[in-house]
$ cat coords_30.cif   # mmCIF, C-alpha atoms
data_upload
#
loop_
_atom_site.label_atom_id
_atom_site.label_comp_id
_atom_site.auth_asym_id
_atom_site.auth_seq_id
_atom_site.Cartn_x
_atom_site.Cartn_y
_atom_site.Cartn_z
CA MET K 1 82.81 105.67 77.25
CA ALA K 2 85.64 107.32 75.32
CA THR K 3 85.55 107.25 71.53
CA GLU K 4 87.98 105.10 69.60
CA ALA K 5 89.87 108.20 68.41
CA GLU K 6 90.22 109.47 71.98
CA LEU K 7 91.45 106.08 73.17
CA GLN K 8 94.00 105.90 70.37
CA ALA K 9 95.28 109.40 71.21
CA GLU K 10 95.51 108.58 74.91
CA ASN K 11 97.22 105.27 74.19
CA ALA K 12 99.76 107.03 71.97
CA ARG K 13 100.48 109.57 74.72
CA LEU K 14 100.96 106.88 77.35
CA ARG K 15 103.13 104.87 74.96
CA ASP K 16 105.42 107.89 74.59
CA GLU K 17 105.51 108.36 78.36
CA LEU K 18 106.37 104.70 78.88
CA THR K 19 109.21 104.89 76.36
CA ALA K 20 110.59 108.05 77.97
CA ALA K 21 110.35 106.55 81.46
CA ARG K 22 112.28 103.46 80.40
CA ARG K 23 115.03 105.60 78.86
CA SER K 24 115.44 107.93 81.85
CA PRO K 25 117.10 106.95 85.15
CA ALA K 26 114.66 105.76 87.78
CA GLY K 27 115.84 108.20 90.48
CA ALA K 28 114.05 107.95 93.80
CA VAL K 29 111.44 105.45 92.69
CA ASP K 30 110.52 102.42 94.77
CA PRO K 31 111.21 99.13 92.93
CA GLY K 32 107.70 97.94 93.79
CA VAL K 33 106.21 100.95 92.01
CA LEU K 34 108.36 100.26 88.95
CA GLN K 35 107.28 96.62 88.88
CA ARG K 36 103.59 97.49 89.14
CA GLU K 37 103.93 100.24 86.56
CA GLN K 38 105.62 97.88 84.13
CA ALA K 39 103.07 95.13 84.80
CA ALA K 40 100.21 97.56 84.14
CA ALA K 41 101.96 98.73 80.97
CA GLY K 42 102.29 95.14 79.81
CA HIS K 43 98.60 94.45 80.45
CA TRP K 44 97.62 97.65 78.68
CA GLN K 45 99.76 96.76 75.64
CA GLN K 46 98.30 93.24 75.54
CA TRP K 47 94.73 94.54 75.57
CA ASP K 48 95.69 97.25 73.07
CA ALA K 49 96.87 94.55 70.67
CA GLN K 50 93.74 92.50 71.39
CA VAL K 51 91.44 95.42 70.56
CA LYS K 52 93.29 96.07 67.33
CA ARG K 53 93.06 92.41 66.33
CA LEU K 54 89.35 92.24 67.12
CA ASN K 55 88.67 95.45 65.20
CA LYS K 56 90.41 93.99 62.15
CA GLU K 57 88.43 90.76 62.44
CA ALA K 58 85.19 92.72 62.77
CA ALA K 59 86.05 94.83 59.71
CA ASP K 60 86.67 91.66 57.69
CA LEU K 61 83.36 90.18 58.79
CA TRP K 62 81.45 93.33 57.80
CA ALA K 63 83.22 93.36 54.45
CA ASN K 64 82.29 89.73 53.83
CA GLY K 65 78.66 90.33 54.71
CA GLN K 66 78.81 88.24 57.89
CA PHE K 67 76.74 90.73 59.83
CA GLU K 68 75.64 88.51 62.72
CA GLU K 69 79.22 87.39 63.37
CA ALA K 70 80.39 91.00 63.10
CA ARG K 71 77.85 92.12 65.71
CA GLN K 72 79.01 89.36 68.04
CA LYS K 73 82.56 90.50 67.50
CA GLN K 74 81.52 94.01 68.58
CA SER K 75 80.62 92.69 72.03
CA GLU K 76 84.08 91.14 72.29
CA ILE K 77 85.59 94.46 71.28
CA ALA K 78 83.59 96.28 73.97
CA ALA K 79 84.76 93.84 76.67
CA ALA K 80 88.39 94.04 75.52
CA THR K 81 88.18 97.84 75.43
CA ARG K 82 87.01 97.91 79.06
CA HIS K 83 90.00 95.79 80.05
CA GLN K 84 92.24 98.07 78.00
CA GLU K 85 90.90 101.17 79.75
CA ARG K 86 91.37 99.65 83.23
CA ALA K 87 94.95 98.65 82.41
CA ARG K 88 95.63 102.11 80.99
CA GLU K 89 94.24 103.76 84.13
CA ALA K 90 96.35 101.47 86.34
CA TYR K 91 99.44 102.38 84.37
CA GLY K 92 98.64 106.09 84.68
CA GLN K 93 98.18 105.78 88.45
CA TRP K 94 101.47 103.95 88.99
CA ASN K 95 103.25 106.33 86.62
CA GLN K 96 102.01 109.31 88.66
CA MET K 97 103.10 107.56 91.86
CA ARG K 98 106.71 108.12 90.72
CA SER K 99 106.44 111.74 91.86
CA ALA K 100 105.11 110.86 95.34
CA PRO K 101 107.42 110.77 98.39
CA VAL K 102 109.38 107.53 98.38
CA VAL K 103 107.83 106.40 101.66
CA GLU K 104 104.35 106.72 100.11
CA GLN K 105 105.55 104.78 97.05
CA PHE K 106 106.90 102.08 99.37
CA LEU K 107 103.59 101.69 101.19
CA ALA K 108 101.43 101.90 98.05
CA ALA K 109 103.44 99.12 96.40
CA ARG K 110 102.86 96.83 99.40
CA PRO K 111 99.12 96.92 100.10
CA GLY K 112 98.03 94.92 103.12
CA MET K 113 101.60 94.28 104.31
CA TYR K 114 101.54 96.85 107.13
CA ASN K 115 98.68 97.78 109.45
CA ALA K 116 97.74 101.38 110.27
CA GLU K 117 100.11 101.68 113.25
CA GLU K 118 103.01 100.23 111.26
CA GLN K 119 102.33 102.55 108.34
CA ALA K 120 102.32 105.55 110.68
CA TRP K 121 105.64 104.37 112.14
CA ILE K 122 107.19 103.97 108.67
CA ARG K 123 106.01 107.47 107.73
CA ARG K 124 107.78 108.81 110.84
CA HIS K 125 110.90 106.86 109.84
CA PRO K 126 111.09 107.27 106.04
CA SER K 127 114.57 105.71 106.00
CA PHE K 128 112.77 102.38 106.39
CA ALA K 129 111.60 102.69 102.77
CA VAL K 130 115.10 103.02 101.32
CA ASP K 131 117.52 101.39 103.77
CA PRO K 132 117.47 97.54 103.63
CA ALA K 133 119.81 97.25 106.64
CA PHE K 134 117.44 99.38 108.72
CA GLN K 135 114.48 97.32 107.52
CA GLN K 136 116.21 94.08 108.56
CA ARG K 137 117.17 95.42 111.98
CA ILE K 138 113.67 96.68 112.70
CA ALA K 139 112.11 93.43 111.46
CA ALA K 140 114.42 91.42 113.74
CA GLU K 141 113.67 93.66 116.73
CA TYR K 142 109.95 93.56 115.96
CA ASN K 143 109.91 89.75 115.87
CA ALA K 144 112.02 89.53 119.02
CA ALA K 145 109.67 91.89 120.87
CA GLN K 146 106.63 89.84 119.89
CA ALA K 147 108.40 86.68 121.03
CA GLU K 148 108.92 88.39 124.40
CA GLY K 149 105.18 89.02 124.67
CA PHE K 150 104.72 92.50 123.21
CA ARG K 151 101.26 92.70 121.67
CA HIS K 152 101.00 93.31 117.92
CA GLY K 153 100.17 96.98 117.32
CA SER K 154 100.49 97.94 121.00
CA ALA K 155 101.80 101.34 122.08
CA ALA K 156 104.60 99.59 123.99
CA LEU K 157 105.77 97.80 120.84
CA VAL K 158 105.68 101.04 118.86
CA ALA K 159 107.68 102.75 121.61
CA ARG K 160 110.27 99.97 121.50
CA MET K 161 110.69 100.39 117.75
CA ASP K 162 111.00 104.16 118.26
CA ARG K 163 113.76 103.54 120.82
CA VAL K 164 115.61 101.08 118.54
CA ALA K 165 115.55 103.55 115.66
CA ALA K 166 116.68 106.39 117.93
CA ASP K 167 119.54 104.26 119.29
CA MET K 168 120.63 103.62 115.71
CA GLY K 169 120.71 107.36 115.07
CA ILE K 170 118.03 107.10 112.37
CA ALA K 171 116.33 110.42 111.78
CA ALA K 172 112.60 110.43 112.46
CA ASP K 173 109.93 112.88 111.35
CA HIS K 174 107.85 113.77 114.39
CA GLY K 175 106.39 116.86 112.77
CA PRO K 176 106.99 120.50 113.68
CA ALA K 177 107.53 121.44 117.29
CA PRO K 178 104.27 122.64 118.87
CA MET K 179 104.62 126.12 120.38
CA LEU K 180 104.56 125.89 124.17
CA SER K 181 102.88 128.41 126.42
CA GLY K 182 101.84 128.90 130.02
CA THR K 183 102.87 126.28 132.57
CA MET K 184 104.27 123.92 129.93
CA LEU K 185 106.60 126.62 128.63
CA ASP K 186 107.72 127.43 132.20
CA VAL K 187 108.50 123.76 132.88
CA ALA K 188 110.41 123.39 129.61
CA ARG K 189 112.38 126.61 130.20
CA SER K 190 113.26 125.50 133.74
CA SER K 191 114.52 122.16 132.39
CA TRP K 192 116.49 123.91 129.67
CA GLN K 193 118.16 126.25 132.17
CA ALA K 194 119.00 123.34 134.48
CA ILE K 195 120.84 121.63 131.62
CA HIS K 196 122.39 124.85 130.25
CA PRO K 197 123.05 127.02 133.34
CA GLU K 198 125.76 128.93 131.49
CA ARG K 199 123.44 130.06 128.71
CA HIS K 200 120.73 132.67 128.62
CA ALA K 201 117.26 131.17 128.27
CA GLY K 202 116.03 131.25 124.69
CA ASP K 203 112.71 132.55 123.43
CA ALA K 204 109.53 130.47 123.33
CA ALA K 205 110.24 129.15 119.81
CA GLU K 206 113.74 127.95 120.74
CA ILE K 207 112.55 126.36 123.99
CA SER K 208 109.63 124.67 122.22
CA LYS K 209 111.94 123.19 119.58
CA TRP K 210 114.38 121.94 122.22
CA TRP K 211 111.56 120.40 124.28
CA HIS K 212 110.20 118.67 121.17
CA GLU K 213 113.63 117.20 120.45
CA GLN K 214 114.02 115.99 124.03
CA ARG K 215 110.61 114.29 123.93
CA HIS K 216 111.85 112.23 120.98
CA SER K 217 115.39 111.58 122.15
CA PRO K 218 116.69 108.01 122.68
CA ALA K 219 116.45 108.50 126.46
CA ALA K 220 112.83 109.67 126.23
CA HIS K 221 111.94 106.75 123.97
CA ARG K 222 113.54 104.34 126.46
CA ILE K 223 111.54 105.80 129.37
CA ARG K 224 108.34 105.72 127.32
CA GLU K 225 109.01 102.10 126.33
CA GLN K 226 109.56 101.04 129.95
CA TRP K 227 106.47 102.87 131.17
CA LEU K 228 104.20 101.53 128.42
CA THR K 229 105.59 98.00 128.84
CA ALA K 230 104.78 98.16 132.56
CA GLU K 231 101.26 99.36 131.74
CA ASP K 232 100.82 96.46 129.31
CA ASP K 233 102.04 94.01 131.93
CA LYS K 234 99.43 95.30 134.39
CA SER K 235 96.63 94.77 131.89
#
$ encode --input "coords_30.cif" --output "structure tokens"
Amino acid sequence: MATEAELQAENARLRDELTAARRSPAGAVDPGVLQREQAAAGHWQQWDAQVKRLNKEAADLWANGQFEEARQKQSEIAAATRHQERAREAYGQWNQMRSAPVVEQFLAARPGMYNAEEQAWIRRHPSFAVDPAFQQRIAAEYNAAQAEGFRHGSAALVARMDRVAADMGIAADHGPAPMLSGTMLDVARSSWQAIHPERHAGDAAEISKWWHEQRHSPAAHRIREQWLTAEDDKS
């Protein structure tokens, strides 16, 4: 348990941070993070005031010789201090979240709203966290797909959402292109040369990057969606 002096110093530091944060522009901060940060700050300030009030009451009781009442007040102070510390910690956590990628802020501010597959999809399509129009389109397509019989969380449904996003021209983060080798590299190079007969075949890094892009093109997503939907229908 921190001492009263340490708590006061920490509270003063956080109070300064809160004031500075409210004066500075929000920048790329998710509104949900701001709301939770401000709520935690409000709770912390309420418990801070409560602890100060209880300390004053306890001091008055000791001064008046009401020792039993003063000892009882100490237990109230201890409980209020625990609440104060939890609120302070919550504020610190949400304040630090400001520096996280916006997509992580978006997900952290909405616990339980998206399952693991949906969170992974949002991380691959970070525009979802900042583009309301994209959110609405994906939500509409998601609901329509489920109405058509796509299973919640299925690979076919994920593939459909990938295809919709690709058709909209929304950039997706599919990670770095894995370096191809052996037979896979030969197949990719052959495909590349068939599409670009006028160009000299690139090196393994260039071919690997091109192959990675083709695997996540709108056409590839459409083929993957059709194949996975057919597999779902069979099962």
$ closest_residue --input "coords_30.cif" --among "K:Gln214, K:Gln45, K:Asn64, K:Asn115" --to "Ile195 in chain K" --atoms "only C-alpha atoms"
K:Gln214
$ closest_residue --input "coords_30.cif" --among "K:Val164, K:Ile138, K:Leu34, K:Ala188" --to "Arg215 in chain K" --atoms "all atoms listed in the file"
K:Ala188
$ residues_near_point --input "coords_30.cif" --point "(106.8, 103.3, 99.9)" --cutoff "12 Å" --atoms "all atoms listed in the file" --output "ChimeraX atom specification"
/K:28-34,97-111,113-114,119-120,122-123,125-131
$ residues_around --input "coords_30.cif" --residues "Gln72 in chain K" --least-positions-apart "2" --cutoff "12 Å" --atoms "all atoms listed in the file" --output "PyMOL selection string"
chain K and resi 54-55+57-58+61-62+66-70+74-79
$ atom_distance --input "coords_30.cif" --atom1 "CA of Met161 in chain K" --atom2 "CA of Tyr142 in chain K"
7.1 Å
$ resolve_selection --input "coords_30.cif" --expression "the PyMOL selection byres ((chain K and resi 153-159) around 8)" --output "number ranges by chain"
K: 117-118, 121, 142, 145, 150-152, 160-163, 221-222, 224-226, 228-229, 232
$ atom_distance --input "coords_30.cif" --atom1 "CA of Ala177 in chain K" --atom2 "CA of Trp227 in chain K"
23.2 Å
$ closest_residue --input "coords_30.cif" --among "K:Glu148, K:Asp186, K:Asp173, K:Asp60" --to "Trp211 in chain K" --atoms "only C-alpha atoms"
K:Asp186
$ atom_distance --input "coords_30.cif" --atom1 "CA of Val51 in chain K" --atom2 "CA of Arg71 in chain K"
14.8 Å
$ closest_residue --input "coords_30.cif" --among "K:Ala41, K:Val187, K:Ala194, K:Met179" --to "Ser208 in chain K" --atoms "all atoms listed in the file"
K:Met179
$ closest_residue --input "coords_30.cif" --among "K:Met184, K:Met168, K:His216, K:Gly112" --to "Arg137 in chain K" --atoms "all atoms listed in the file"
K:Met168
$ resolve_selection --input "coords_30.cif" --expression "the PyMOL selection byres ((chain K and resi 40) around 9)" --output "CSV table (one decimal) with C-alpha atoms, in the frame of the given file"
chain,number,residue,atom,x,y,z
K,35,GLN,CA,107.3,96.6,88.9
K,36,ARG,CA,103.6,97.5,89.1
K,37,GLU,CA,103.9,100.2,86.6
K,38,GLN,CA,105.6,97.9,84.1
K,39,ALA,CA,103.1,95.1,84.8
K,41,ALA,CA,102.0,98.7,81.0
K,42,GLY,CA,102.3,95.1,79.8
K,43,HIS,CA,98.6,94.4,80.4
K,44,TRP,CA,97.6,97.6,78.7
K,45,GLN,CA,99.8,96.8,75.6
K,87,ALA,CA,95.0,98.6,82.4
K,88,ARG,CA,95.6,102.1,81.0
K,89,GLU,CA,94.2,103.8,84.1
K,90,ALA,CA,96.4,101.5,86.3
K,91,TYR,CA,99.4,102.4,84.4
K,92,GLY,CA,98.6,106.1,84.7
K,94,TRP,CA,101.5,104.0,89.0
$ closest_residue --input "coords_30.cif" --among "K:Glu206, K:Ala59, K:Ala144, K:Asp167" --to "Ala220 in chain K" --atoms "all atoms listed in the file"
K:Asp167
$ decode --input "coords_30.cif" --residues "range 1-155 of chain K" --atoms "C-alpha atoms" --output "compact mmCIF listing (two decimals), in the first residue's frame"
# COMPACT_ATOMS: atom_id res chain seq x y z
CA MET K 1 0.00 0.00 0.00
CA ALA K 2 1.40 3.38 -1.02
CA THR K 3 1.91 6.03 1.65
CA GLU K 4 -0.32 9.07 1.78
CA ALA K 5 2.54 11.29 0.57
CA GLU K 6 3.18 9.01 -2.40
CA LEU K 7 -0.51 8.96 -3.29
CA GLN K 8 -0.72 12.74 -3.10
CA ALA K 9 2.34 13.10 -5.36
CA GLU K 10 0.95 10.60 -7.87
CA ASN K 11 -2.47 12.26 -7.79
CA ALA K 12 -0.86 15.65 -8.44
CA ARG K 13 1.07 14.23 -11.40
CA LEU K 14 -2.02 12.65 -12.92
CA ARG K 15 -4.01 15.84 -12.32
CA ASP K 16 -1.42 17.76 -14.35
CA GLU K 17 -1.54 15.14 -17.09
CA LEU K 18 -5.33 15.30 -17.20
CA THR K 19 -5.27 19.10 -17.49
CA ALA K 20 -2.68 18.97 -20.27
CA ALA K 21 -4.61 16.28 -22.14
CA ARG K 22 -7.80 18.34 -22.05
CA ARG K 23 -5.97 21.39 -23.39
CA SER K 24 -4.22 19.59 -26.26
CA PRO K 25 -5.96 18.38 -29.44
CA ALA K 26 -7.08 14.77 -29.28
CA GLY K 27 -5.31 13.71 -32.50
CA ALA K 28 -5.74 10.08 -33.47
CA VAL K 29 -7.55 9.01 -30.33
CA ASP K 30 -10.65 6.82 -30.42
CA PRO K 31 -13.70 8.57 -28.88
CA GLY K 32 -14.37 5.48 -26.77
CA VAL K 33 -10.91 5.75 -25.21
CA LEU K 34 -11.51 9.43 -24.45
CA GLN K 35 -14.84 8.66 -22.82
CA ARG K 36 -13.38 5.91 -20.64
CA GLU K 37 -10.38 8.04 -19.74
CA GLN K 38 -12.62 10.92 -18.71
CA ALA K 39 -14.94 8.60 -16.77
CA ALA K 40 -11.98 7.12 -14.90
CA ALA K 41 -10.67 10.62 -14.20
CA GLY K 42 -14.05 11.63 -12.82
CA HIS K 43 -14.17 8.57 -10.55
CA TRP K 44 -10.62 9.21 -9.39
CA GLN K 45 -11.41 12.86 -8.58
CA GLN K 46 -14.57 11.85 -6.70
CA TRP K 47 -12.67 9.36 -4.54
CA ASP K 48 -9.84 11.85 -4.12
CA ALA K 49 -12.31 14.35 -2.67
CA GLN K 50 -13.86 11.61 -0.53
CA VAL K 51 -10.49 10.65 0.96
CA LYS K 52 -9.70 14.25 1.73
CA ARG K 53 -13.07 14.74 3.42
CA LEU K 54 -12.70 11.58 5.49
CA ASN K 55 -9.18 12.54 6.54
CA LYS K 56 -10.44 15.90 7.76
CA GLU K 57 -13.29 14.25 9.67
CA ALA K 58 -10.86 11.78 11.24
CA ALA K 59 -8.50 14.60 12.25
CA ASP K 60 -11.39 16.43 13.93
CA LEU K 61 -12.41 13.30 15.81
CA TRP K 62 -8.86 12.73 17.08
CA ALA K 63 -8.64 16.35 18.14
CA ASN K 64 -11.92 16.09 20.05
CA GLY K 65 -10.83 12.93 21.82
CA GLN K 66 -13.37 10.73 20.02
CA PHE K 67 -10.87 7.94 19.55
CA GLU K 68 -13.26 5.07 18.84
CA GLU K 69 -15.08 7.08 16.18
CA ALA K 70 -11.73 8.16 14.73
CA ARG K 71 -10.59 4.53 14.44
CA GLN K 72 -13.83 3.64 12.68
CA LYS K 73 -13.26 6.53 10.33
CA GLN K 74 -9.82 5.09 9.50
CA SER K 75 -11.46 1.97 8.08
CA GLU K 76 -13.63 4.19 5.86
CA ILE K 77 -10.50 6.02 4.74
CA ALA K 78 -8.79 2.72 3.86
CA ALA K 79 -11.76 1.57 1.77
CA ALA K 80 -12.04 4.94 -0.01
CA THR K 81 -8.29 4.92 -0.67
CA ARG K 82 -8.56 1.52 -2.36
CA HIS K 83 -11.30 2.86 -4.63
CA GLN K 84 -9.17 5.93 -5.30
CA GLU K 85 -6.17 3.80 -6.28
CA ARG K 86 -8.25 1.62 -8.63
CA ALA K 87 -9.73 4.69 -10.32
CA ARG K 88 -6.28 6.24 -10.61
CA GLU K 89 -4.89 3.05 -12.18
CA ALA K 90 -7.82 2.91 -14.62
CA TYR K 91 -7.19 6.50 -15.62
CA GLY K 92 -3.49 5.78 -16.14
CA GLN K 93 -4.26 2.76 -18.32
CA TRP K 94 -6.70 4.65 -20.55
CA ASN K 95 -4.35 7.62 -20.71
CA GLN K 96 -1.53 5.35 -21.93
CA MET K 97 -3.91 3.80 -24.48
CA ARG K 98 -3.83 7.14 -26.32
CA SER K 99 -0.42 6.20 -27.75
CA ALA K 100 -1.57 2.77 -29.00
CA PRO K 101 -2.52 2.21 -32.67
CA VAL K 102 -6.01 3.54 -33.28
CA VAL K 103 -7.33 0.09 -34.18
CA GLU K 104 -6.18 -1.23 -30.79
CA GLN K 105 -7.81 1.75 -29.08
CA PHE K 106 -11.03 1.00 -30.98
CA LEU K 107 -11.10 -2.62 -29.84
CA ALA K 108 -10.05 -1.89 -26.25
CA ALA K 109 -12.86 0.65 -25.87
CA ARG K 110 -15.43 -1.94 -27.00
CA PRO K 111 -14.79 -5.05 -24.91
CA GLY K 112 -17.00 -8.00 -25.75
CA MET K 113 -18.42 -6.37 -28.90
CA TYR K 114 -16.33 -8.38 -31.37
CA ASN K 115 -15.27 -12.02 -31.20
CA ALA K 116 -11.73 -13.21 -31.94
CA GLU K 117 -12.30 -13.67 -35.68
CA GLU K 118 -13.93 -10.24 -36.00
CA GLN K 119 -11.11 -8.59 -34.06
CA ALA K 120 -8.54 -10.22 -36.35
CA TRP K 121 -10.49 -8.96 -39.37
CA ILE K 122 -10.63 -5.41 -37.98
CA ARG K 123 -6.88 -5.50 -37.33
CA ARG K 124 -6.35 -6.46 -40.98
CA HIS K 125 -8.65 -3.59 -42.01
CA PRO K 126 -7.71 -0.74 -39.64
CA SER K 127 -9.84 1.70 -41.67
CA PHE K 128 -12.82 0.10 -39.92
CA ALA K 129 -11.77 1.87 -36.70
CA VAL K 130 -11.85 5.36 -38.21
CA ASP K 131 -14.22 5.28 -41.19
CA PRO K 132 -17.94 5.28 -40.17
CA ALA K 133 -19.08 4.76 -43.78
CA PHE K 134 -16.90 1.65 -44.06
CA GLN K 135 -18.21 0.40 -40.71
CA GLN K 136 -21.82 0.82 -41.87
CA ARG K 137 -21.20 -0.93 -45.18
CA ILE K 138 -19.46 -3.87 -43.54
CA ALA K 139 -22.17 -4.13 -40.87
CA ALA K 140 -24.87 -4.17 -43.57
CA GLU K 141 -23.01 -6.80 -45.60
CA TYR K 142 -22.34 -8.86 -42.48
CA ASN K 143 -26.02 -8.88 -41.52
CA ALA K 144 -27.08 -9.66 -45.08
CA ALA K 145 -24.64 -12.58 -45.26
CA GLN K 146 -25.96 -14.04 -42.01
CA ALA K 147 -29.52 -13.67 -43.29
CA GLU K 148 -28.44 -15.68 -46.35
CA GLY K 149 -27.21 -18.49 -44.09
CA PHE K 150 -23.53 -17.71 -43.57
CA ARG K 151 -22.49 -19.02 -40.17
CA HIS K 152 -21.30 -16.52 -37.57
CA GLY K 153 -17.49 -16.61 -37.43
CA SER K 154 -17.16 -19.00 -40.39
CA ALA K 155 -14.24 -18.79 -42.81
